[in-house]
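A short worksheet on the structure shown next.
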Amino acid sequence: MRDFTPQQVYERDYILNIIKENFQKYGFEPIETPAIEKLSILTEKYGDEGDKLIYKIINSGDFLKNTDIEDFNDKNKLLKKISEKALRYDLTVPLARYIAMNQDKHPFPFKRYQIQNVWRADRPQKGRFREFCQCDVDIIGTNSILSEVELITMATEILNQLKIKNFKIKINHRKLLKAFSEYINQKDKATLLSITLDKVDKIGLDNVLAELKKNNISDNQINKLKEVLQYKGTNEEILLFLKNKFQNINYALEGLEDIQKLLTYLKFSGVNLNYIKVDPTIARGLAYYTGTVFEIIVENSNIGSIGGGGRYDEMASVFGLKNSYGIGFAFGLDRIWSILKNENLIPRKQTNSTQILITLFDEENMPLLLKLSKEIRKLDINTELYPAPIQIKKQLSYANKRNIPFIVILGKDEITKNKFILKNMKNGEQHFIPIDRIENILNFTSKSKISSY
RNA sequence: GUGACCGUAGCUCAGCUGGUAGAGUAUUCGGUUGUGGUCCGAAUUGUCGCGGGUUCGAGUCCCGUCGGUCACCCCA
């Protein structure tokens, strides 16, 4: 739970604007959905771990009204009786619900983006918040590999514009993960396998294998896995190697072909393939993925991924939309912000804040000052009036704290001369400007506009 | 959901082995009448996160809870 100061909002807006511009450039349209969803919409979409992290909202009024003592012996049963609403956990599931409910309102494929907060009942830690902002883009209604191509191309474009170096987009395919379990004759342990493999990056291959051993995977099977996972090579080499290993597993070959095509098209789409890394261990925990999955990381940042996504071809069908294809990914605004801060990549604020503060001596002069402020704004200069006739030193001090580069003084002395004073707060210089030649202000302000920050 | 540490004035923090709170900074006022950012002087500031317990007495000990930081788990 965080507040954002004006400076922080500026910094976040800088990122949001780049993201939004690119979303629009690729033809995505915005939607918004409510923060609160029905709890039943959200459950069982993110896996067991995910379900635990959903913020449940207790029913209003007498929330115990339908419960009896026995319900307290079964927490899940109790939960259903006292909570029917929840805060959204991501933007993908609400999108699926939205699509199912608004099928008639959009042509398909439907390309939408959605930038809103989501909530997770997590323990906060580095790069992780209970309330955070996701910038989500999805394409609903086609299973064309071009969707993958477009999303990844756009992601690299955005990261380039944000000047983030060292990012990698790791790509995998759920079908490949599944193939691992078949490859070692442990089909029923597919989930365990994918969750464990996902940790290779974090705890290393040896620890992963040790963990599998604890879960009753035999030495023989582990060695078989090790041989595959140890393999290092270029994207092409990895694909070839896996093709060889999985030659008898049809769906694995499909997955490999998807990735192969994706790489080919990315090249034509102008993406520098150094950013792309095929990684058979990337799993992603969310339960709804069915095809390609990807994760965007920044090397040496120790902040986890800054974005991730994948294909989820069945999800909207849960909400009644048949043959629904879907793919998308989300950028984590807060994590990108954190990285840009660390790397000093956020440009300094130029000048969209106040340029001139008009000081006030006497309420009698208000009409004149209001008129003056309007005339100055006509020159496209951000101007404000100090709202109360307090001591001028206080008004100057206020301008100082606000970093306002100029003040105008127009009191009775000046009025008799038909001039006002324009004072440069940086060097203290003062200039008299005739009231009927307001545009002369520009002689002094335009130069310092940029250097004032 | 698990573990560790933390939560004292607006901010950063001090407060030893229990005896009802202090510094720096910020704020406000002043250093004479209409000129800030420096300097000097003065003043204000807190239900010590919240709830309960132990004790004659708790910021200080115990329990719970909420919030923060970090590591798991998982994820943006």
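Ordering of the structure tokens sets the chain letters (A, B, ...), residue numbers begin anew at 1 in every chain, and ligands are numbered from 1 in the order given.
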Within 12 Å of chain A, which residues belong to chain B? Use only C-alpha atoms (C1' of nucleotides) and report them as a tab-separated table (two decimals) with all heavy atoms, in the first residue's frame.
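Saved result, part39.tsv, follows:
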chain	number	residue	atom	x	y	z
B	1	G	P	-3.14	-17.05	6.15
B	1	G	OP1	-4.36	-17.39	5.39
B	1	G	OP2	-3.19	-17.11	7.64
B	1	G	O5'	-2.02	-18.06	5.68
B	1	G	C5'	-2.30	-19.45	5.70
B	1	G	C4'	-1.06	-20.19	5.34
B	1	G	O4'	-0.73	-20.00	3.93
B	1	G	C3'	0.23	-19.75	6.03
B	1	G	O3'	0.31	-20.20	7.37
B	1	G	C2'	1.27	-20.39	5.14
B	1	G	O2'	1.38	-21.77	5.37
B	1	G	C1'	0.67	-20.16	3.75
B	1	G	N9	1.20	-18.94	3.13
B	1	G	C8	0.56	-17.76	2.88
B	1	G	N7	1.34	-16.87	2.33
B	1	G	C5	2.57	-17.51	2.21
B	1	G	C6	3.81	-17.05	1.68
B	1	G	O6	4.06	-15.94	1.21
B	1	G	N1	4.80	-18.03	1.76
B	1	G	C2	4.61	-19.27	2.27
B	1	G	N2	5.68	-20.07	2.26
B	1	G	N3	3.46	-19.72	2.77
B	1	G	C4	2.50	-18.79	2.70
B	2	U	P	1.18	-19.32	8.44
B	2	U	OP1	0.84	-19.82	9.77
B	2	U	OP2	1.08	-17.89	8.12
B	2	U	O5'	2.66	-19.81	8.08
B	2	U	C5'	3.02	-21.18	8.20
B	2	U	C4'	4.50	-21.34	7.98
B	2	U	O4'	4.81	-21.10	6.57
B	2	U	C3'	5.38	-20.35	8.72
B	2	U	O3'	5.58	-20.72	10.07
B	2	U	C2'	6.66	-20.42	7.90
B	2	U	O2'	7.40	-21.58	8.18
B	2	U	C1'	6.10	-20.52	6.48
B	2	U	N1	5.97	-19.19	5.85
B	2	U	C2	7.12	-18.62	5.33
B	2	U	O2	8.21	-19.17	5.37
B	2	U	N3	6.96	-17.38	4.76
B	2	U	C4	5.78	-16.67	4.67
B	2	U	O4	5.80	-15.57	4.13
B	2	U	C5	4.64	-17.32	5.23
B	2	U	C6	4.77	-18.52	5.79
B	3	G	P	5.85	-19.54	11.16
B	3	G	OP1	5.83	-20.18	12.48
B	3	G	OP2	4.94	-18.41	10.87
B	3	G	O5'	7.34	-19.08	10.85
B	3	G	C5'	8.41	-19.97	11.09
B	3	G	C4'	9.70	-19.38	10.59
B	3	G	O4'	9.58	-19.13	9.16
B	3	G	C3'	10.08	-18.01	11.15
B	3	G	O3'	10.64	-18.09	12.43
B	3	G	C2'	11.06	-17.53	10.10
B	3	G	O2'	12.31	-18.16	10.23
B	3	G	C1'	10.38	-18.02	8.81
B	3	G	N9	9.54	-16.97	8.23
B	3	G	C8	8.17	-16.86	8.27
B	3	G	N7	7.71	-15.80	7.66
B	3	G	C5	8.85	-15.16	7.18
B	3	G	C6	9.01	-13.96	6.46
B	3	G	O6	8.14	-13.19	6.05
B	3	G	N1	10.33	-13.68	6.20
B	3	G	C2	11.40	-14.47	6.58
B	3	G	N2	12.60	-14.04	6.25
B	3	G	N3	11.28	-15.59	7.27
B	3	G	C4	9.99	-15.87	7.53
B	28	U	P	5.69	27.02	7.61
B	28	U	OP1	4.67	27.37	6.60
B	28	U	OP2	7.12	27.32	7.37
B	28	U	O5'	5.28	27.69	9.00
B	28	U	C5'	3.94	27.58	9.49
B	28	U	C4'	3.85	28.18	10.86
B	28	U	O4'	4.62	27.37	11.79
B	28	U	C3'	4.48	29.57	10.99
B	28	U	O3'	3.59	30.58	10.55
B	28	U	C2'	4.75	29.64	12.50
B	28	U	O2'	3.57	29.88	13.23
B	28	U	C1'	5.22	28.21	12.77
B	28	U	N1	6.69	28.07	12.68
B	28	U	C2	7.44	28.42	13.79
B	28	U	O2	6.94	28.85	14.80
B	28	U	N3	8.79	28.26	13.65
B	28	U	C4	9.47	27.78	12.55
B	28	U	O4	10.69	27.68	12.57
B	28	U	C5	8.62	27.43	11.44
B	28	U	C6	7.29	27.58	11.54
B	33	U	P	10.56	45.28	7.38
B	33	U	OP1	10.12	44.08	8.11
B	33	U	OP2	11.55	45.10	6.29
B	33	U	O5'	9.29	45.98	6.71
B	33	U	C5'	7.99	45.49	6.98
B	33	U	C4'	7.04	46.67	7.07
B	33	U	O4'	7.67	47.72	7.79
B	33	U	C3'	6.71	47.26	5.70
B	33	U	O3'	5.50	46.66	5.28
B	33	U	C2'	6.50	48.73	5.98
B	33	U	O2'	5.18	49.04	6.28
B	33	U	C1'	7.35	48.97	7.24
B	33	U	N1	8.59	49.69	6.93
B	33	U	C2	8.53	50.95	6.38
B	33	U	O2	7.47	51.49	6.12
B	33	U	N3	9.73	51.56	6.15
B	33	U	C4	10.96	51.05	6.39
B	33	U	O4	11.96	51.71	6.12
B	33	U	C5	10.97	49.74	6.97
B	33	U	C6	9.80	49.12	7.20
B	34	G	P	5.44	46.12	3.81
B	34	G	OP1	5.30	47.27	2.93
B	34	G	OP2	4.47	45.00	3.82
B	34	G	O5'	6.88	45.54	3.63
B	34	G	C5'	7.05	44.19	3.26
B	34	G	C4'	7.36	44.08	1.81
B	34	G	O4'	6.36	44.80	1.08
B	34	G	C3'	8.68	44.66	1.32
B	34	G	O3'	9.56	43.58	1.15
B	34	G	C2'	8.37	45.27	-0.04
B	34	G	O2'	8.97	44.53	-1.10
B	34	G	C1'	6.87	45.06	-0.19
B	34	G	N9	6.14	46.13	-0.85
B	34	G	C8	5.42	47.14	-0.31
B	34	G	N7	4.83	47.89	-1.20
B	34	G	C5	5.20	47.32	-2.41
B	34	G	C6	4.88	47.67	-3.74
B	34	G	O6	4.18	48.61	-4.13
B	34	G	N1	5.47	46.82	-4.66
B	34	G	C2	6.26	45.75	-4.34
B	34	G	N2	6.74	45.06	-5.36
B	34	G	N3	6.56	45.39	-3.12
B	34	G	C4	5.99	46.22	-2.21
B	35	U	P	10.93	43.46	1.93
B	35	U	OP1	10.62	43.22	3.35
B	35	U	OP2	11.75	44.63	1.53
B	35	U	O5'	11.62	42.16	1.34
B	35	U	C5'	11.06	40.85	1.55
B	35	U	C4'	11.48	40.00	0.37
B	35	U	O4'	10.79	40.49	-0.79
B	35	U	C3'	12.97	40.07	0.10
B	35	U	O3'	13.51	38.76	0.20
B	35	U	C2'	13.10	40.56	-1.33
B	35	U	O2'	13.93	39.71	-2.09
B	35	U	C1'	11.68	40.46	-1.88
B	35	U	N1	11.31	41.53	-2.80
B	35	U	C2	11.55	41.31	-4.13
B	35	U	O2	12.08	40.30	-4.54
B	35	U	N3	11.15	42.32	-4.97
B	35	U	C4	10.54	43.49	-4.62
B	35	U	O4	10.24	44.28	-5.49
B	35	U	C5	10.31	43.65	-3.20
B	35	U	C6	10.69	42.68	-2.36
B	36	G	P	14.00	38.14	1.56
B	36	G	OP1	13.11	38.49	2.68
B	36	G	OP2	15.43	38.41	1.66
B	36	G	O5'	13.82	36.60	1.22
B	36	G	C5'	12.65	35.90	1.65
B	36	G	C4'	12.58	34.57	0.94
B	36	G	O4'	12.32	34.78	-0.46
B	36	G	C3'	13.88	33.78	0.97
B	36	G	O3'	13.94	33.02	2.16
B	36	G	C2'	13.72	32.88	-0.25
B	36	G	O2'	12.87	31.80	0.00
B	36	G	C1'	13.02	33.82	-1.23
B	36	G	N9	13.94	34.52	-2.12
B	36	G	C8	14.36	35.81	-2.02
B	36	G	N7	15.16	36.18	-3.00
B	36	G	C5	15.26	35.05	-3.78
B	36	G	C6	15.99	34.84	-4.98
B	36	G	O6	16.69	35.64	-5.62
B	36	G	N1	15.83	33.55	-5.45
B	36	G	C2	15.08	32.58	-4.84
B	36	G	N2	15.07	31.39	-5.44
B	36	G	N3	14.39	32.77	-3.73
B	36	G	C4	14.53	34.01	-3.25
B	37	G	P	15.36	32.67	2.82
B	37	G	OP1	15.10	32.08	4.14
B	37	G	OP2	16.23	33.86	2.70
B	37	G	O5'	15.96	31.53	1.88
B	37	G	C5'	15.40	30.21	1.89
B	37	G	C4'	16.05	29.43	0.76
B	37	G	O4'	15.84	30.16	-0.46
B	37	G	C3'	17.55	29.28	0.88
B	37	G	O3'	17.86	28.04	1.49
B	37	G	C2'	18.03	29.27	-0.56
B	37	G	O2'	18.05	27.96	-1.10
B	37	G	C1'	16.97	30.09	-1.29
B	37	G	N9	17.44	31.45	-1.58
B	37	G	C8	17.43	32.53	-0.76
B	37	G	N7	17.92	33.62	-1.32
B	37	G	C5	18.28	33.20	-2.58
B	37	G	C6	18.87	33.93	-3.65
B	37	G	O6	19.20	35.12	-3.69
B	37	G	N1	19.08	33.13	-4.75
B	37	G	C2	18.76	31.79	-4.83
B	37	G	N2	19.03	31.18	-5.99
B	37	G	N3	18.20	31.10	-3.86
B	37	G	C4	18.00	31.87	-2.77
B	67	G	P	-2.33	-5.72	6.40
B	67	G	OP1	-3.05	-5.37	5.17
B	67	G	OP2	-1.80	-7.09	6.59
B	67	G	O5'	-1.11	-4.69	6.58
B	67	G	C5'	-1.29	-3.34	6.21
B	67	G	C4'	-0.07	-2.54	6.61
B	67	G	O4'	0.17	-2.68	8.04
B	67	G	C3'	1.25	-2.98	6.01
B	67	G	O3'	1.43	-2.55	4.68
B	67	G	C2'	2.24	-2.32	6.96
B	67	G	O2'	2.32	-0.93	6.73
B	67	G	C1'	1.55	-2.57	8.30
B	67	G	N9	2.05	-3.82	8.90
B	67	G	C8	1.39	-5.02	9.00
B	67	G	N7	2.12	-5.94	9.57
B	67	G	C5	3.32	-5.31	9.87
B	67	G	C6	4.50	-5.80	10.49
B	67	G	O6	4.72	-6.93	10.92
B	67	G	N1	5.48	-4.82	10.58
B	67	G	C2	5.34	-3.53	10.14
B	67	G	N2	6.39	-2.72	10.30
B	67	G	N3	4.25	-3.05	9.55
B	67	G	C4	3.29	-3.99	9.45
B	68	G	P	2.39	-3.37	3.69
B	68	G	OP1	2.21	-2.83	2.34
B	68	G	OP2	2.19	-4.82	3.95
B	68	G	O5'	3.85	-3.00	4.21
B	68	G	C5'	4.31	-1.67	4.11
B	68	G	C4'	5.67	-1.55	4.76
B	68	G	O4'	5.59	-1.98	6.13
B	68	G	C3'	6.75	-2.43	4.18
B	68	G	O3'	7.32	-1.86	3.01
B	68	G	C2'	7.75	-2.50	5.32
B	68	G	O2'	8.51	-1.31	5.40
B	68	G	C1'	6.82	-2.55	6.54
B	68	G	N9	6.59	-3.92	7.01
B	68	G	C8	5.43	-4.64	6.92
B	68	G	N7	5.54	-5.83	7.47
B	68	G	C5	6.85	-5.89	7.93
B	68	G	C6	7.55	-6.92	8.61
B	68	G	O6	7.13	-8.02	8.95
B	68	G	N1	8.85	-6.56	8.89
B	68	G	C2	9.42	-5.35	8.55
B	68	G	N2	10.70	-5.18	8.89
B	68	G	N3	8.78	-4.37	7.93
B	68	G	C4	7.51	-4.71	7.65
B	69	U	P	7.91	-2.80	1.87
B	69	U	OP1	8.27	-1.95	0.73
B	69	U	OP2	6.96	-3.93	1.69
B	69	U	O5'	9.24	-3.38	2.54
B	69	U	C5'	10.36	-2.54	2.71
B	69	U	C4'	11.46	-3.29	3.39
B	69	U	O4'	11.02	-3.72	4.70
B	69	U	C3'	11.89	-4.59	2.71
B	69	U	O3'	12.78	-4.36	1.64
B	69	U	C2'	12.57	-5.32	3.87
B	69	U	O2'	13.86	-4.81	4.11
B	69	U	C1'	11.67	-4.94	5.04
B	69	U	N1	10.63	-5.96	5.31
B	69	U	C2	11.03	-7.08	6.02
B	69	U	O2	12.18	-7.24	6.39
B	69	U	N3	10.05	-8.00	6.25
B	69	U	C4	8.72	-7.92	5.86
B	69	U	O4	7.95	-8.82	6.15
B	69	U	C5	8.39	-6.73	5.13
B	69	U	C6	9.34	-5.81	4.88
B	70	C	P	12.78	-5.34	0.39
B	70	C	OP1	13.78	-4.83	-0.55
B	70	C	OP2	11.38	-5.53	-0.05
B	70	C	O5'	13.28	-6.73	1.01
B	70	C	C5'	14.65	-6.88	1.34
B	70	C	C4'	14.88	-8.17	2.07
B	70	C	O4'	14.08	-8.23	3.28
B	70	C	C3'	14.48	-9.47	1.38
B	70	C	O3'	15.37	-9.84	0.34
B	70	C	C2'	14.55	-10.43	2.55
B	70	C	O2'	15.87	-10.73	2.90
B	70	C	C1'	13.91	-9.59	3.66
B	70	C	N1	12.47	-9.89	3.79
B	70	C	C2	12.13	-11.02	4.56
B	70	C	O2	13.04	-11.67	5.09
B	70	C	N3	10.83	-11.36	4.69
B	70	C	C4	9.89	-10.64	4.09
B	70	C	N4	8.63	-11.03	4.26
B	70	C	C5	10.21	-9.49	3.30
B	70	C	C6	11.51	-9.16	3.19
B	71	A	P	14.86	-10.79	-0.82
B	71	A	OP1	15.91	-10.77	-1.86
B	71	A	OP2	13.47	-10.41	-1.16
B	71	A	O5'	14.82	-12.21	-0.12
B	71	A	C5'	16.01	-12.78	0.39
B	71	A	C4'	15.71	-14.05	1.12
B	71	A	O4'	14.90	-13.77	2.29
B	71	A	C3'	14.87	-15.07	0.37
B	71	A	O3'	15.65	-15.79	-0.57
B	71	A	C2'	14.36	-15.95	1.50
B	71	A	O2'	15.36	-16.81	1.97
B	71	A	C1'	14.08	-14.89	2.57
B	71	A	N9	12.67	-14.47	2.53
B	71	A	C8	12.12	-13.35	1.95
B	71	A	N7	10.82	-13.27	2.07
B	71	A	C5	10.48	-14.42	2.78
B	71	A	C6	9.25	-14.92	3.24
B	71	A	N6	8.09	-14.32	3.05
B	71	A	N1	9.26	-16.10	3.92
B	71	A	C2	10.44	-16.71	4.11
B	71	A	N3	11.67	-16.32	3.72
B	71	A	C4	11.62	-15.17	3.07
B	72	C	P	14.92	-16.54	-1.74
B	72	C	OP1	15.97	-17.12	-2.58
B	72	C	OP2	13.88	-15.65	-2.33
B	72	C	O5'	14.22	-17.72	-0.95
B	72	C	C5'	13.00	-18.24	-1.42
B	72	C	C4'	12.50	-19.27	-0.46
B	72	C	O4'	12.01	-18.62	0.74
B	72	C	C3'	11.33	-20.05	-1.00
B	72	C	O3'	11.78	-21.17	-1.73
B	72	C	C2'	10.58	-20.44	0.26
B	72	C	O2'	11.14	-21.55	0.89
B	72	C	C1'	10.79	-19.19	1.13
B	72	C	N1	9.73	-18.18	0.94
B	72	C	C2	8.43	-18.48	1.35
B	72	C	O2	8.19	-19.59	1.86
B	72	C	N3	7.45	-17.56	1.18
B	72	C	C4	7.74	-16.38	0.62
B	72	C	N4	6.75	-15.51	0.48
B	72	C	C5	9.05	-16.04	0.20
B	72	C	C6	10.01	-16.97	0.37
B	73	C	P	11.38	-21.27	-3.26
B	73	C	OP1	11.91	-22.55	-3.74
B	73	C	OP2	11.74	-20.01	-3.94
B	73	C	O5'	9.80	-21.37	-3.19
B	73	C	C5'	9.16	-22.49	-2.60
B	73	C	C4'	7.69	-22.23	-2.46
B	73	C	O4'	7.50	-21.16	-1.50
B	73	C	C3'	6.99	-21.72	-3.72
B	73	C	O3'	6.67	-22.76	-4.62
B	73	C	C2'	5.77	-21.05	-3.12
B	73	C	O2'	4.81	-21.99	-2.73
B	73	C	C1'	6.37	-20.40	-1.88
B	73	C	N1	6.82	-19.01	-2.18
B	73	C	C2	5.88	-17.98	-2.07
B	73	C	O2	4.73	-18.25	-1.73
B	73	C	N3	6.27	-16.71	-2.35
B	73	C	C4	7.52	-16.46	-2.73
B	73	C	N4	7.85	-15.19	-2.99
B	73	C	C5	8.49	-17.49	-2.85
B	73	C	C6	8.10	-18.74	-2.57
B	74	C	P	7.12	-22.64	-6.13
B	74	C	OP1	6.71	-23.89	-6.78
B	74	C	OP2	8.53	-22.22	-6.18
B	74	C	O5'	6.23	-21.44	-6.69
B	74	C	C5'	4.84	-21.62	-6.90
B	74	C	C4'	4.12	-20.30	-6.79
B	74	C	O4'	4.68	-19.55	-5.69
B	74	C	C3'	4.27	-19.34	-7.97
B	74	C	O3'	3.41	-19.68	-9.04
B	74	C	C2'	3.88	-18.03	-7.32
B	74	C	O2'	2.49	-17.96	-7.11
B	74	C	C1'	4.57	-18.16	-5.97
B	74	C	N1	5.92	-17.58	-6.01
B	74	C	C2	6.03	-16.19	-5.90
B	74	C	O2	5.00	-15.53	-5.76
B	74	C	N3	7.25	-15.62	-5.95
B	74	C	C4	8.34	-16.37	-6.11
B	74	C	N4	9.52	-15.76	-6.15
B	74	C	C5	8.26	-17.79	-6.23
B	74	C	C6	7.04	-18.35	-6.18
B	75	C	P	3.74	-19.20	-10.51
B	75	C	OP1	2.60	-19.56	-11.34
B	75	C	OP2	5.10	-19.66	-10.88
B	75	C	O5'	3.79	-17.62	-10.34
B	75	C	C5'	2.84	-16.81	-11.02
B	75	C	C4'	2.87	-15.43	-10.45
B	75	C	O4'	3.74	-15.39	-9.31
B	75	C	C3'	3.43	-14.36	-11.38
B	75	C	O3'	2.42	-13.84	-12.23
B	75	C	C2'	3.89	-13.30	-10.39
B	75	C	O2'	2.82	-12.52	-9.93
B	75	C	C1'	4.41	-14.16	-9.23
B	75	C	N1	5.86	-14.40	-9.27
B	75	C	C2	6.73	-13.33	-9.07
B	75	C	O2	6.26	-12.20	-8.87
B	75	C	N3	8.06	-13.55	-9.08
B	75	C	C4	8.54	-14.78	-9.30
B	75	C	N4	9.85	-14.95	-9.31
B	75	C	C5	7.67	-15.88	-9.51
B	75	C	C6	6.35	-15.65	-9.49
B	76	A	P	2.81	-13.30	-13.67
B	76	A	OP1	1.59	-13.39	-14.48
B	76	A	OP2	4.04	-13.96	-14.12
B	76	A	O5'	3.16	-11.77	-13.44
B	76	A	C5'	3.09	-10.89	-14.54
B	76	A	C4'	3.96	-9.70	-14.25
B	76	A	O4'	3.33	-8.87	-13.25
B	76	A	C3'	5.31	-10.08	-13.66
B	76	A	O3'	6.24	-10.31	-14.69
B	76	A	C2'	5.66	-8.88	-12.80
B	76	A	O2'	6.32	-7.90	-13.53
B	76	A	C1'	4.29	-8.35	-12.37
B	76	A	N9	3.95	-8.75	-11.00
B	76	A	C8	3.32	-9.89	-10.59
B	76	A	N7	3.13	-9.95	-9.29
B	76	A	C5	3.69	-8.77	-8.83
B	76	A	C6	3.81	-8.24	-7.54
B	76	A	N6	3.38	-8.85	-6.45
B	76	A	N1	4.41	-7.04	-7.41
B	76	A	C2	4.85	-6.43	-8.52
B	76	A	N3	4.79	-6.83	-9.79
B	76	A	C4	4.18	-8.02	-9.87
### Query
Can you tell me, as a VMD selection string, what residues are no more than 10 Å from region 12-15 of chain B when counting only C-alpha atoms (C1' of nucleotides), ignoring any on the same chain fewer than 4 positions away?
chain B and resid 8 21 to 25 59 to 60
### Message
Which residues are near region 161-170 of chain A? Cut-off 8 Å, only C-alpha atoms (C1' of nucleotides), ignore same chain within fewer than 4 positions. Put them as a VMD selection string.
### Response
chain A and resid 15 18 157 274 to 279 282 294 to 299 340 345
#### Entry: Best match for closeness to Leu372 (chain A) among A:Asp313, A:Glu343, A:Asp206, A:Glu439, counting only C-alpha atoms
A:Glu439
### Message
Calculated over only C-alpha atoms (C1' of nucleotides), which of the candidates B:A42, B:U17, B:G51, B:C29 has the smallest distance to C63 (chain B)?
### Response
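Among the listed residues, B:G51 lies closest to C63 (chain B).
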### G18 (chain B) environment, 10 Å, only C-alpha atoms (C1' of nucleotides), sequence neighbours closer than 5 positions dropped, as a list in words
U55, G57, A58, U60 and C61 of chain B
### Message
Considering only helix (DSSP H, G or I) as DSSP defines it on the backbone, what residues of region 30-123 of chain A qualify? List them as number ranges by chain.
### Response
A: 39-42, 47-52, 69-73, 75-82, 92-101, 103-105
#### Entry: Å distance separating CA of Asp362 (chain A) from CA of Arg377 (chain A), one decimal place
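Interatomic distance, CA of Asp362 (chain A) to CA of Arg377 (chain A): 21.7 Å.
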### Query
If you measure from CA of Thr43 (chain A) to CA of Pro107 (chain A), what distance in Å do you get, rounded to one decimal?
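Those two atoms sit 28.3 Å apart.
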Where does DSSP see strand (DSSP E) in region 307-423 of chain A, if you list the residues as a short mmCIF file (atom, residue, chain, number, x, y, z; two decimals) with N, CA, C and O atoms, in the first residue's frame?
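Generated output (out.cif):
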data_model
loop_
_atom_site.label_atom_id
_atom_site.label_comp_id
_atom_site.auth_asym_id
_atom_site.auth_seq_id
_atom_site.Cartn_x
_atom_site.Cartn_y
_atom_site.Cartn_z
N GLY A 307 7.78 -8.81 -16.79
CA GLY A 307 6.61 -9.05 -17.62
C GLY A 307 6.54 -10.52 -17.94
O GLY A 307 7.54 -11.24 -17.84
N GLY A 308 5.37 -10.96 -18.32
CA GLY A 308 5.25 -12.35 -18.67
C GLY A 308 3.89 -12.62 -19.26
O GLY A 308 2.97 -11.81 -19.14
N GLY A 309 3.77 -13.76 -19.92
CA GLY A 309 2.48 -14.07 -20.50
C GLY A 309 2.50 -15.37 -21.25
O GLY A 309 3.44 -16.17 -21.10
N GLY A 310 1.51 -15.56 -22.07
CA GLY A 310 1.46 -16.79 -22.83
C GLY A 310 0.09 -17.00 -23.44
O GLY A 310 -0.78 -16.14 -23.37
N ARG A 311 -0.03 -18.17 -24.06
CA ARG A 311 -1.27 -18.49 -24.75
C ARG A 311 -2.18 -19.31 -23.85
O ARG A 311 -1.72 -20.18 -23.12
N GLY A 326 -6.75 -17.39 -27.08
CA GLY A 326 -6.31 -16.17 -26.43
C GLY A 326 -4.82 -16.21 -26.14
O GLY A 326 -4.24 -17.26 -25.89
N ILE A 327 -4.22 -15.03 -26.24
CA ILE A 327 -2.81 -14.92 -25.86
C ILE A 327 -2.57 -13.50 -25.37
O ILE A 327 -3.22 -12.56 -25.85
N GLY A 328 -1.67 -13.35 -24.42
CA GLY A 328 -1.39 -12.00 -23.96
C GLY A 328 -0.24 -12.00 -22.98
O GLY A 328 0.28 -13.03 -22.59
N PHE A 329 0.13 -10.79 -22.62
CA PHE A 329 1.15 -10.68 -21.58
C PHE A 329 0.94 -9.36 -20.84
O PHE A 329 0.19 -8.49 -21.28
N ALA A 330 1.58 -9.27 -19.71
CA ALA A 330 1.47 -8.06 -18.91
C ALA A 330 2.86 -7.56 -18.52
O ALA A 330 3.74 -8.35 -18.18
N PHE A 331 3.02 -6.25 -18.60
CA PHE A 331 4.19 -5.62 -18.01
C PHE A 331 3.85 -5.23 -16.58
O PHE A 331 2.73 -4.79 -16.31
N GLY A 332 4.78 -5.37 -15.69
CA GLY A 332 4.59 -4.88 -14.33
C GLY A 332 5.12 -3.46 -14.22
O GLY A 332 6.33 -3.24 -14.23
N ILE A 356 5.38 30.63 -13.52
CA ILE A 356 5.29 31.96 -12.91
C ILE A 356 4.29 31.94 -11.77
O ILE A 356 3.17 31.46 -11.93
N LEU A 357 4.73 32.45 -10.64
CA LEU A 357 3.80 32.65 -9.53
C LEU A 357 3.54 34.14 -9.41
O LEU A 357 4.48 34.94 -9.29
N ILE A 358 2.28 34.52 -9.46
CA ILE A 358 1.93 35.93 -9.29
C ILE A 358 1.66 36.16 -7.81
O ILE A 358 0.80 35.51 -7.22
N THR A 383 0.91 29.35 -15.18
CA THR A 383 0.90 30.46 -14.23
C THR A 383 -0.09 30.21 -13.11
O THR A 383 -1.16 29.67 -13.35
N GLU A 384 0.28 30.59 -11.91
CA GLU A 384 -0.71 30.54 -10.84
C GLU A 384 -0.59 31.76 -9.96
O GLU A 384 0.45 32.44 -9.92
N LEU A 385 -1.68 32.01 -9.24
CA LEU A 385 -1.73 33.14 -8.34
C LEU A 385 -1.60 32.65 -6.91
O LEU A 385 -2.21 31.65 -6.54
N PHE A 406 9.96 31.85 -11.83
CA PHE A 406 9.72 33.29 -11.90
C PHE A 406 8.56 33.69 -11.01
O PHE A 406 7.62 32.93 -10.83
N ILE A 407 8.66 34.90 -10.49
CA ILE A 407 7.48 35.45 -9.84
C ILE A 407 7.16 36.81 -10.45
O ILE A 407 8.03 37.48 -11.00
N VAL A 408 5.90 37.18 -10.35
CA VAL A 408 5.47 38.50 -10.80
C VAL A 408 5.04 39.29 -9.57
O VAL A 408 4.36 38.76 -8.70
N ILE A 409 5.48 40.52 -9.52
CA ILE A 409 5.05 41.40 -8.44
C ILE A 409 4.30 42.58 -9.05
O ILE A 409 4.82 43.28 -9.92
N LYS A 419 3.50 49.20 -14.64
CA LYS A 419 4.46 48.15 -14.93
C LYS A 419 4.38 47.09 -13.84
O LYS A 419 3.89 47.37 -12.73
N PHE A 420 4.84 45.89 -14.15
CA PHE A 420 4.98 44.90 -13.09
C PHE A 420 6.40 44.36 -13.08
O PHE A 420 7.14 44.52 -14.06
N ILE A 421 6.76 43.74 -11.97
CA ILE A 421 8.11 43.21 -11.85
C ILE A 421 8.09 41.73 -12.17
O ILE A 421 7.25 40.98 -11.66
N LEU A 422 9.03 41.30 -13.02
CA LEU A 422 9.24 39.87 -13.25
C LEU A 422 10.58 39.52 -12.60
O LEU A 422 11.61 40.07 -12.95
N LYS A 423 10.52 38.66 -11.61
CA LYS A 423 11.75 38.33 -10.90
C LYS A 423 12.18 36.90 -11.19
O LYS A 423 11.38 35.97 -11.08
#
